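One structure is given below, encoded as structure tokens.
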Amino acid sequence: MKNILVIGSTGQIGSELTMELRKRYGNEHVVAGYIVGAEPKGELLESGPSARTNVTDRQSLEMAVKEYHIDTIYNLAALLSVVAESRPSMAWKIGIDGLWNVLEVAREHECAVFTPSSIGSFGESTPHIKTPQDTVQRPRTMYGITKVTTELLSDYYYTKYGVDTRAVRFPGIISNVTLPGGGTTDYAVEIFYAAVKGEKFICPVKPGTYMDMMYMPDALNAAISLMEAAPARLKHRNAFNIASMSFDPEEIYQMIKKYVPDFEMEYQIDPLKQAIADSWPDCLDDTCAREEWDWKPKYDLESMTVDMLEKLRAKLNK
Ligand code: SER
């Protein structure tokens with residue numbers, strides 16, 4: 001039986017991943033790891049165990065792993081791309097010093113580890129269309145630098161110590177439960193809140209700025225199915241390209257407008273977000289994930305839009 005620790009269980013991905021894992025493996029087998037100031041509440045708190053686990057405090061990780069006999073860790077602690085530019089040393093401390101602690105605890109207690117990488121691990125010199133699995137990774141953002149390092153360090157612990165590390169490169173994740181914070185792709189979530197609230201959306205990136213995006217159910221499925229995959233099939237580990245949809249602000253705006261005809265959008269470009277977005281791929285080639293662990297997304301732009309609008313209308317009573 002799996003006993004799982006989700007580090008960062010109250011964040012955008014963690015809050016939904018923890019609940020999905022509890023559904024699949026049983027509430028008692030999935031521990032919601034949190035830091036002071038971001039404690040779990042409501043269903044997340046009530047449906048299963050939780051533990052204070054700060055990646056920068058190795059002892060806190062060790063205590064949770066021992067107490068709950070953890071064998072699998074989903075490490076979601078990170079600062080997103082925009083906020084990492086204003087707090088680079090904190091981004092490194094959480095992303096890399098924190099990862100080191102997670103990997104050391106995993107090595108000692110024989111845990112498998114999932115630490116996501118991102119489309120942000122690529123940079124200007126990467127081919128931007130159908131970005132290959134194995135290609136140039138020379139990002140210039142601190143977020144990207146921590147993500148490339150995450151991939152390398154995770155692979156190192158696999159080849160050197162046999163720690164079962166696996167991960168995907170997440171695109172921008174679109175979700176309706178917990179808001180992202182401080183990312184370049186956040187606009188693709190915020191646009192839905194504006195549409196449902198009947199507000200005009202101010203878009204921070206230019207038309208023609210393409211980035212990979214993914215609906216949360218596909219993102220959760222990717223993480224869980226990769227961790228379930230037969231190890232003998234995996235030629236890659238850290239980290240797999242995954243993709244399901246790529247659009248620019250105009251395409252998502254037009255798709256939402258199809259279902260919310262009065263919806264309006266205006267552009268006010270944020271230079272930092274634009275520069276980061278321009279340095280990232282337009283769309284990734286995810287052939288390796290499809291071949292090595294049968295990755296297949298369910299949602300495209302239209303089915304995601306329909307579901308997002310329906311869920312947000314219910315959540316916001318609109
Ligand atoms: N969503 C992330 C960001 O925008 C990219 O992985 O920072």
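Identifiers in this document derive from the order of the structure tokens: chains are assigned A, B, ..., residues are numbered from 1 separately in each chain, and ligands are numbered from 1 in order of occurrence.
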Residues at most 9 Å from ligand 1, using only C-alpha atoms and all ligand atoms? Could they come as JSON, numbers by chain? {"A": [79, 80, 81, 82, 83, 84, 116, 117, 118, 119, 120, 121, 143, 144, 169, 170, 171, 172, 173, 174, 180, 181, 182, 183, 184, 185, 186, 187, 213, 273, 276, 277]}
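Shell of A:Ala38 at 12 Å, with only C-alpha atoms counted and residues fewer than 6 places along the chain excluded, is Ile7, Gly8, Ser9, Thr10, Gly11, Gln12, Gly14, Ser15, Ala32, Leu45, Ser50, Ala51, Arg52, Thr53, Asn54 and Ala77 of chain A.
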Pick out each residue of stretch 110-227 of chain A that DSSP on the backbone tags as alpha helix (DSSP H); I need them as number ranges by chain. A: 142-161, 187-197, 216-227
Determine, counting only C-alpha atoms, which protein, DNA and RNA residues have an atom within 8 Å of an atom of stretch 308-311 of chain A; residues of the same chain fewer than 5 positions away are not included. Present the result as an NGL selection string. :A and (175-176 or 192 or 196)
If you run DSSP on the backbone, which residues of stretch 6-226 of chain A are strand (DSSP E or B), as a ChimeraX atom specification? /A:6-7,30-34,50-52,72-75,112-114,117-118,129-131,165-166,168-170,172-174,201-203,211-215
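Neighbouring residues of A:Thr209 at 8 Å or closer, counting only C-alpha atoms and skipping chain neighbours under 3 positions away, are Val205, Lys206, Phe247, Asp248, Pro249, Ala277, Asp278 and Asp282 of chain A.
The space between atom CA of A:Arg313 and atom CA of A:Tyr299 spans 19.1 Å.
If you measure from each of A:Gln133, A:Thr165, A:Gln274, A:Asn241 to A:Asp71 using only C-alpha atoms, the closest one turns out to be A:Thr165.
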Across A:Val113, A:Ala167, A:Leu301, A:Leu234, the smallest distance to A:Glu251, with only C-alpha atoms counted, is shown by A:Leu301
Show me, as a VMD selection string, the residues that have an atom within 8 Å of A:Arg233 when counting only C-alpha atoms, minus same-chain residues fewer than 3 positions from it. chain A and resid 229 to 230 292 to 293
